[in-house]
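What's in final01.cif: mmCIF, C-alpha atoms and all ligand atoms
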data_final
loop_
_atom_site.label_atom_id
_atom_site.label_comp_id
_atom_site.auth_asym_id
_atom_site.auth_seq_id
_atom_site.Cartn_x
_atom_site.Cartn_y
_atom_site.Cartn_z
CA MET D 1 13.91 -3.99 6.59
CA GLN D 2 14.05 -6.89 9.06
CA GLU D 3 15.06 -4.57 11.88
CA LYS D 4 12.26 -2.11 11.11
CA LEU D 5 9.68 -4.89 10.77
CA THR D 6 10.69 -6.32 14.13
CA ARG D 7 10.15 -2.97 15.83
CA LEU D 8 6.85 -2.55 13.97
CA ARG D 9 5.57 -5.91 15.20
CA ASP D 10 6.67 -5.29 18.80
CA GLU D 11 3.51 -4.71 20.87
CA ARG D 12 5.37 -2.14 22.98
CA THR D 13 5.99 0.19 20.01
CA PRO D 14 3.88 3.34 20.55
CA PRO D 15 1.79 4.92 17.76
CA LYS D 16 4.31 7.70 16.96
CA ILE D 17 7.15 5.24 16.34
CA PHE D 18 4.76 2.81 14.66
CA ARG D 19 3.75 5.51 12.15
CA GLU D 20 7.41 6.36 11.48
CA LEU D 21 8.21 2.69 10.86
CA VAL D 22 5.21 2.25 8.54
CA ALA D 23 6.50 5.19 6.48
CA GLU D 24 10.11 3.93 6.45
CA ILE D 25 9.10 0.40 5.45
CA ALA D 26 6.71 1.76 2.83
CA THR D 27 9.61 3.70 1.27
CA LEU D 28 11.66 0.53 0.95
CA VAL D 29 8.79 -1.48 -0.54
CA LEU D 30 7.92 1.37 -2.89
CA TYR D 31 11.50 1.45 -4.14
CA GLU D 32 10.95 -2.04 -5.54
CA ALA D 33 7.35 -1.47 -6.59
CA THR D 34 8.32 1.55 -8.71
CA ALA D 35 11.45 0.03 -10.24
CA ASP D 36 9.78 -0.86 -13.54
CA LEU D 37 7.92 2.41 -14.12
CA GLN D 38 8.54 3.75 -17.62
CA LEU D 39 11.11 6.50 -18.01
CA ALA D 40 11.66 9.06 -20.76
CA GLU D 41 14.92 10.79 -21.58
CA HIS D 42 15.33 14.16 -19.91
CA GLU D 43 18.08 16.62 -20.81
CA VAL D 44 19.61 18.89 -18.18
CA ARG D 45 22.90 20.76 -17.84
CA THR D 46 25.13 20.19 -14.84
CA PRO D 47 27.47 23.11 -14.03
CA LEU D 48 30.04 21.21 -16.16
CA ALA D 49 28.29 19.54 -19.07
CA PRO D 50 25.02 18.55 -20.69
CA TYR D 51 23.51 15.42 -19.20
CA THR D 52 20.86 13.07 -20.56
CA GLY D 53 18.94 11.73 -17.61
CA ALA D 54 15.43 10.46 -17.03
CA ARG D 55 12.02 11.56 -15.96
CA LEU D 56 8.99 9.49 -15.10
CA ALA D 57 7.00 8.90 -18.29
CA GLU D 58 3.93 7.40 -16.65
CA ALA D 59 1.39 9.25 -14.53
CA VAL D 60 1.01 7.47 -11.20
CA GLY D 61 -1.96 7.69 -8.83
CA LEU D 62 -1.92 6.64 -5.18
CA VAL D 63 -4.87 4.76 -3.75
CA PRO D 64 -4.57 4.43 0.03
CA VAL D 65 -7.16 2.18 1.66
CA LEU D 66 -8.60 3.82 4.81
CA ARG D 67 -7.61 3.81 7.47
CA ALA D 68 -4.32 1.96 7.61
CA GLY D 69 -3.16 2.93 4.11
CA ILE D 70 -2.97 6.59 5.20
CA GLY D 71 0.35 5.86 6.88
CA MET D 72 1.95 4.95 3.57
CA VAL D 73 0.87 8.08 1.67
CA GLU D 74 3.58 10.53 2.76
CA ALA D 75 6.29 8.02 1.91
CA ALA D 76 4.82 7.52 -1.55
CA LEU D 77 4.49 11.28 -2.09
CA GLU D 78 8.14 11.77 -1.14
CA LEU D 79 9.01 9.48 -4.06
CA ILE D 80 6.35 10.71 -6.50
CA PRO D 81 5.35 14.21 -5.33
CA GLU D 82 3.05 14.93 -8.26
CA ALA D 83 0.92 11.81 -7.77
CA PRO D 84 -2.78 12.43 -7.09
CA VAL D 85 -4.13 10.62 -4.02
CA TRP D 86 -7.52 8.94 -4.17
CA HIS D 87 -8.64 7.55 -0.80
CA LEU D 88 -10.91 4.53 -0.74
CA GLY D 89 -12.72 3.69 2.48
CA LEU D 90 -13.19 0.01 3.28
CA PHE D 91 -13.49 -1.81 6.56
CA ARG D 92 -13.87 -5.49 7.30
CA ASP D 93 -17.11 -6.65 8.83
CA GLU D 94 -15.86 -8.27 12.05
CA ARG D 95 -18.22 -11.23 11.70
CA THR D 96 -18.07 -12.07 7.99
CA LEU D 97 -14.60 -10.52 7.36
CA LEU D 98 -16.04 -9.19 4.10
CA PRO D 99 -15.04 -5.67 3.05
CA ILE D 100 -17.64 -2.92 3.38
CA SER D 101 -17.10 0.14 1.19
CA TYR D 102 -17.89 3.52 2.82
CA TYR D 103 -15.88 6.13 0.91
CA ASN D 104 -15.10 6.52 -2.78
CA LYS D 105 -14.56 9.88 -4.48
CA LEU D 106 -12.75 8.67 -7.58
CA PRO D 107 -13.19 11.13 -10.46
CA SER D 108 -15.23 10.00 -13.47
CA SER D 109 -12.27 8.56 -15.39
CA ALA D 110 -8.76 7.40 -14.52
CA PRO D 111 -6.23 10.08 -15.60
CA VAL D 112 -3.17 7.94 -14.77
CA GLN D 113 -1.37 4.97 -16.27
CA VAL D 114 -0.46 3.28 -12.99
CA CYS D 115 -2.32 3.04 -9.67
CA LEU D 116 -0.45 2.04 -6.52
CA VAL D 117 -2.83 0.56 -3.94
CA LEU D 118 -1.44 1.37 -0.49
CA ASP D 119 -2.58 -0.83 2.39
CA PRO D 120 -0.20 -2.35 4.94
CA MET D 121 -2.17 -5.55 5.64
CA LEU D 122 -3.14 -8.25 3.13
CA ALA D 123 -5.04 -10.70 5.36
CA THR D 124 -7.94 -12.60 3.73
CA GLY D 125 -7.37 -10.45 0.65
CA GLY D 126 -11.03 -9.37 0.59
CA SER D 127 -10.21 -5.65 0.86
CA ALA D 128 -7.46 -5.82 -1.75
CA VAL D 129 -9.62 -7.74 -4.24
CA ALA D 130 -12.51 -5.28 -3.73
CA THR D 131 -10.14 -2.31 -4.19
CA VAL D 132 -8.71 -3.69 -7.42
CA ASP D 133 -12.24 -4.53 -8.65
CA VAL D 134 -13.21 -0.87 -8.15
CA LEU D 135 -10.06 0.43 -9.85
CA LYS D 136 -10.45 -1.87 -12.85
CA LYS D 137 -14.11 -0.94 -13.28
CA TRP D 138 -13.00 2.70 -13.10
CA GLY D 139 -10.53 2.12 -15.95
CA ALA D 140 -7.14 2.04 -14.24
CA PRO D 141 -4.83 0.57 -16.90
CA ARG D 142 -2.15 -0.83 -14.56
CA ILE D 143 -2.42 -1.58 -10.86
CA LYS D 144 0.16 -2.60 -8.28
CA TYR D 145 -0.50 -3.61 -4.70
CA VAL D 146 1.95 -2.19 -2.17
CA GLY D 147 1.69 -3.54 1.37
CA ILE D 148 3.77 -4.38 4.40
CA ILE D 149 2.66 -7.77 5.77
CA GLY D 150 0.70 -10.44 3.90
CA ALA D 151 -0.77 -13.81 4.79
CA PRO D 152 -0.55 -16.67 2.28
CA GLU D 153 -4.38 -16.68 2.12
CA GLY D 154 -4.45 -13.02 1.06
CA VAL D 155 -1.71 -13.38 -1.52
CA ARG D 156 -3.55 -16.38 -3.00
CA ALA D 157 -6.90 -14.56 -3.07
CA LEU D 158 -5.49 -11.42 -4.72
CA SER D 159 -3.34 -13.25 -7.23
CA SER D 160 -6.10 -15.61 -8.27
CA ALA D 161 -8.71 -12.80 -8.63
CA HIS D 162 -6.24 -10.43 -10.29
CA PRO D 163 -3.20 -12.29 -11.62
CA ASP D 164 -2.08 -9.17 -13.50
CA VAL D 165 -1.59 -7.16 -10.28
CA PRO D 166 1.91 -7.52 -8.83
CA ILE D 167 2.05 -7.76 -5.04
CA HIS D 168 4.87 -6.02 -3.20
CA LEU D 169 5.23 -6.78 0.51
CA ALA D 170 7.90 -6.43 3.19
CA ALA D 171 7.00 -9.80 4.78
CA LEU D 172 4.94 -12.89 4.10
CA ASP D 173 3.72 -14.28 7.42
CA GLU D 174 2.57 -17.77 8.43
CA ARG D 175 -1.22 -17.72 8.52
CA LEU D 176 -4.48 -16.10 9.60
CA ASN D 177 -6.01 -16.79 12.99
CA GLU D 178 -9.70 -17.59 13.51
CA LYS D 179 -10.52 -13.86 13.60
CA GLY D 180 -8.79 -13.19 10.28
CA TYR D 181 -5.73 -11.54 11.85
CA ILE D 182 -2.30 -12.19 10.40
CA VAL D 183 -0.05 -14.29 12.67
CA PRO D 184 2.47 -13.30 13.87
CA GLY D 185 1.54 -10.02 12.14
CA LEU D 186 1.38 -6.80 14.10
CA GLY D 187 -2.24 -6.64 15.28
CA ASP D 188 -4.62 -4.05 13.88
CA ALA D 189 -2.61 -1.69 11.68
CA GLY D 190 -5.19 1.10 11.82
CA ASP D 191 -5.54 0.96 15.60
CA ARG D 192 -1.80 0.85 16.13
CA GLN D 193 -1.16 3.87 13.90
CA PHE D 194 -3.91 5.99 15.36
CA GLY D 195 -3.89 4.82 18.99
CA THR D 196 -7.45 3.54 18.85
CA GLY D 197 -6.97 -0.07 19.95
C1 LIG O 1 -7.41 -3.66 7.56
C2 LIG O 1 -6.32 -3.40 6.56
C3 LIG O 1 -6.92 -3.87 5.28
C4 LIG O 1 -7.78 -5.01 5.72
C5 LIG O 1 -7.09 -6.30 5.37
O1 LIG O 1 -8.39 -2.69 7.53
O2 LIG O 1 -5.90 -2.06 6.52
O3 LIG O 1 -7.66 -2.90 4.60
O4 LIG O 1 -7.91 -4.91 7.15
O5 LIG O 1 -7.90 -7.39 5.67
P1 LIG O 1 -8.45 -8.36 4.54
O6 LIG O 1 -7.29 -8.69 3.66
O7 LIG O 1 -8.96 -9.53 5.31
O8 LIG O 1 -9.55 -7.64 3.80
P2 LIG O 1 -9.63 -2.71 8.55
O9 LIG O 1 -10.78 -3.42 7.95
O10 LIG O 1 -9.14 -3.20 9.88
O11 LIG O 1 -10.05 -1.18 8.63
P3 LIG O 1 -9.30 0.01 9.36
O12 LIG O 1 -7.96 0.19 8.69
O13 LIG O 1 -10.20 1.16 9.14
O14 LIG O 1 -9.16 -0.35 10.83
N1 LIG O 2 -6.07 -6.03 9.35
C1 LIG O 2 -5.11 -5.67 10.24
O1 LIG O 2 -4.94 -4.49 10.55
N2 LIG O 2 -4.36 -6.65 10.79
C2 LIG O 2 -4.51 -7.94 10.48
O2 LIG O 2 -3.77 -8.78 11.01
C3 LIG O 2 -5.51 -8.30 9.55
C4 LIG O 2 -6.27 -7.31 9.00
#
Spell out the structure here as structure tokens.
Ligand code: PRP
Ligand code: URA
Amino acid sequence: MQEKLTRLRDERTPPKIFRELVAEIATLVLYEATADLQLAEHEVRTPLAPYTGARLAEAVGLVPVLRAGIGMVEAALELIPEAPVWHLGLFRDERTLLPISYYNKLPSSAPVQVCLVLDPMLATGGSAVATVDVLKKWGAPRIKYVGIIGAPEGVRALSSAHPDVPIHLAALDERLNEKGYIVPGLGDAGDRQFGTG
């Protein structure tokens, strides 16, 4: 994880490699974030004997936050291929740093037990709090936040607004700068994935 994070932060890392690293790090964080999902017994036969194994007993939905969360979707679908994906579009107003919602096509009710919010950057926490607000209003019973880098300010904001939402991150950085960017961070996660910086 440390090695991958270092390459992710490196300003010389090009978008293709950056996207690969986002996916690889997301897989590792998701391994922990999914560790307490409920299982049910599942019987199969190996070529040699019957075997009582497990299957996922909870329906899981993925909620990537546009744009940067897109890079975590494939990794999550590799782990939970049947999960529906509901994109939410939010961007931060550059002046106020407040999240502006521009895309939401959630169906009328929440047909899953667990929603995994996918967004690599937890900076002020405004986007994460707004996303969880929307999901709770929608009726999502259980929500987990899965990210890559957080600032202490963002972790505080999300955990005080939604103490029931566990936060899974690959790294907790030092602080935010005056423009609301995580330091040392990695810059703008959306721009670096999509080559738009
Ligand atoms: C980034 C990131 C988060 C948000 C975090 O998105 O993907 O959604 O900033 O910042 P916050 O914790 O202060 O709300 P951004 O607004 O840059 O949109 P983009 O991914 O479309 O570039
Ligand atoms: N969004 C990003 O992409 N990077 C930051 O450092 C903060 C918010």
- Within 12 Å of D:Pro163, counting only C-alpha atoms, which residues show up once you throw out same-chain ones fewer than 5 positions away? Write them as a VMD selection string, please. chain D and resid 129 132 142 to 145 155 to 158
- Item | Protein/DNA/RNA residues near (9.4, 1.0, 8.5), cut 12 Å, only C-alpha atoms, as a PyMOL selection string | chain D and resi 1-9+16-30+71-72+75+120+147-149+169-171
Selection to disk with C-alpha atoms, as a compact mmCIF listing (two decimals), in the frame of the given file:
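Output below, filename out.txt:
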# COMPACT_ATOMS: atom_id res chain seq x y z
CA MET D 1 13.91 -3.99 6.59
CA GLN D 2 14.05 -6.89 9.06
CA GLU D 3 15.06 -4.57 11.88
CA LYS D 4 12.26 -2.11 11.11
CA LEU D 5 9.68 -4.89 10.77
CA THR D 6 10.69 -6.32 14.13
CA ARG D 7 10.15 -2.97 15.83
CA LEU D 8 6.85 -2.55 13.97
CA ARG D 9 5.57 -5.91 15.20
CA LYS D 16 4.31 7.70 16.96
CA ILE D 17 7.15 5.24 16.34
CA PHE D 18 4.76 2.81 14.66
CA ARG D 19 3.75 5.51 12.15
CA GLU D 20 7.41 6.36 11.48
CA LEU D 21 8.21 2.69 10.86
CA VAL D 22 5.21 2.25 8.54
CA ALA D 23 6.50 5.19 6.48
CA GLU D 24 10.11 3.93 6.45
CA ILE D 25 9.10 0.40 5.45
CA ALA D 26 6.71 1.76 2.83
CA THR D 27 9.61 3.70 1.27
CA LEU D 28 11.66 0.53 0.95
CA VAL D 29 8.79 -1.48 -0.54
CA LEU D 30 7.92 1.37 -2.89
CA GLY D 71 0.35 5.86 6.88
CA MET D 72 1.95 4.95 3.57
CA ALA D 75 6.29 8.02 1.91
CA PRO D 120 -0.20 -2.35 4.94
CA GLY D 147 1.69 -3.54 1.37
CA ILE D 148 3.77 -4.38 4.40
CA ILE D 149 2.66 -7.77 5.77
CA LEU D 169 5.23 -6.78 0.51
CA ALA D 170 7.90 -6.43 3.19
CA ALA D 171 7.00 -9.80 4.78
- Query: Which chains and residue numbers are within 6 Å of ligand LIG 1 (chain O), counting only C-alpha atoms and all ligand atoms, if I want them as a ChimeraX atom specification?
  - Reply: /D:65-68,91-92,99,119-127,154,190
Atoms to include: C-alpha atoms. Write the selected residues as a PDB file, in the frame of the given file.
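To be explicit, this is the file written out as again-v8.pdb:
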ATOM      1  CA  VAL D  65      -7.160   2.180   1.660  1.00  0.00           C
ATOM      2  CA  LEU D  66      -8.600   3.820   4.810  1.00  0.00           C
ATOM      3  CA  ARG D  67      -7.610   3.810   7.470  1.00  0.00           C
ATOM      4  CA  ALA D  68      -4.320   1.960   7.610  1.00  0.00           C
ATOM      5  CA  PHE D  91     -13.490  -1.810   6.560  1.00  0.00           C
ATOM      6  CA  ARG D  92     -13.870  -5.490   7.300  1.00  0.00           C
ATOM      7  CA  PRO D  99     -15.040  -5.670   3.050  1.00  0.00           C
ATOM      8  CA  ASP D 119      -2.580  -0.830   2.390  1.00  0.00           C
ATOM      9  CA  PRO D 120      -0.200  -2.350   4.940  1.00  0.00           C
ATOM     10  CA  MET D 121      -2.170  -5.550   5.640  1.00  0.00           C
ATOM     11  CA  LEU D 122      -3.140  -8.250   3.130  1.00  0.00           C
ATOM     12  CA  ALA D 123      -5.040 -10.700   5.360  1.00  0.00           C
ATOM     13  CA  THR D 124      -7.940 -12.600   3.730  1.00  0.00           C
ATOM     14  CA  GLY D 125      -7.370 -10.450   0.650  1.00  0.00           C
ATOM     15  CA  GLY D 126     -11.030  -9.370   0.590  1.00  0.00           C
ATOM     16  CA  SER D 127     -10.210  -5.650   0.860  1.00  0.00           C
ATOM     17  CA  GLY D 154      -4.450 -13.020   1.060  1.00  0.00           C
ATOM     18  CA  GLY D 190      -5.190   1.100  11.820  1.00  0.00           C
TER      19      GLY D 190
END
- Pick the closest to D:Ile182 from D:Gly195, D:His168, D:Glu153, D:His162: which is it, counting all atoms listed in the file? D:Glu153
- Separation of atom CA of D:Ser109 from atom CA of D:Pro166, in Å and rounded to one decimal: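 Atom-to-atom, atom CA of D:Ser109 and atom CA of D:Pro166 are spaced 22.4 Å apart.
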- Item | Minimum-distance residue to D:Ala57, chosen among D:Leu79, D:Val114, D:Ala189, D:Val183 (using all atoms listed in the file) |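 Nearest to D:Ala57: D:Val114.
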- Query: Restricting the calculation to only C-alpha atoms and all ligand atoms, which member of D:Gly89, D:Gly69, D:Pro107, D:Pro64 is positioned closest to ligand LIG 2 (chain O)?
  - Reply: D:Gly69
Report, as JSON, the centre and edge lengths in Å (one decimal) of the axis-aligned box enclosing every listed atom of ligand LIG 2 (chain O), padded by 8 Å on each side.
{"center_x": -5.0, "center_y": -6.6, "center_z": 10.0, "size_x": 18.5, "size_y": 20.3, "size_z": 18.0}
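Using all atoms listed in the file, the shortest contact distance between D:Val134 and any of D:Gln113, D:Ser160, D:Asn104, D:Gln38 is found at D:Asn104.
Proximity of D:Glu11, D:Glu78, D:Asp191, D:Glu32 to ligand LIG 2 (chain O), computed with all atoms listed in the file, is greatest for D:Asp191.
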- Atom-to-atom span, atom CA of D:Asp188 and atom CA of D:Trp138, Å: 29.0 Å
- atom CA of D:Val60 and atom CA of D:Ala83 are how many Å apart?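 Atom-to-atom, atom CA of D:Val60 to atom CA of D:Ala83, that is 5.5 Å.
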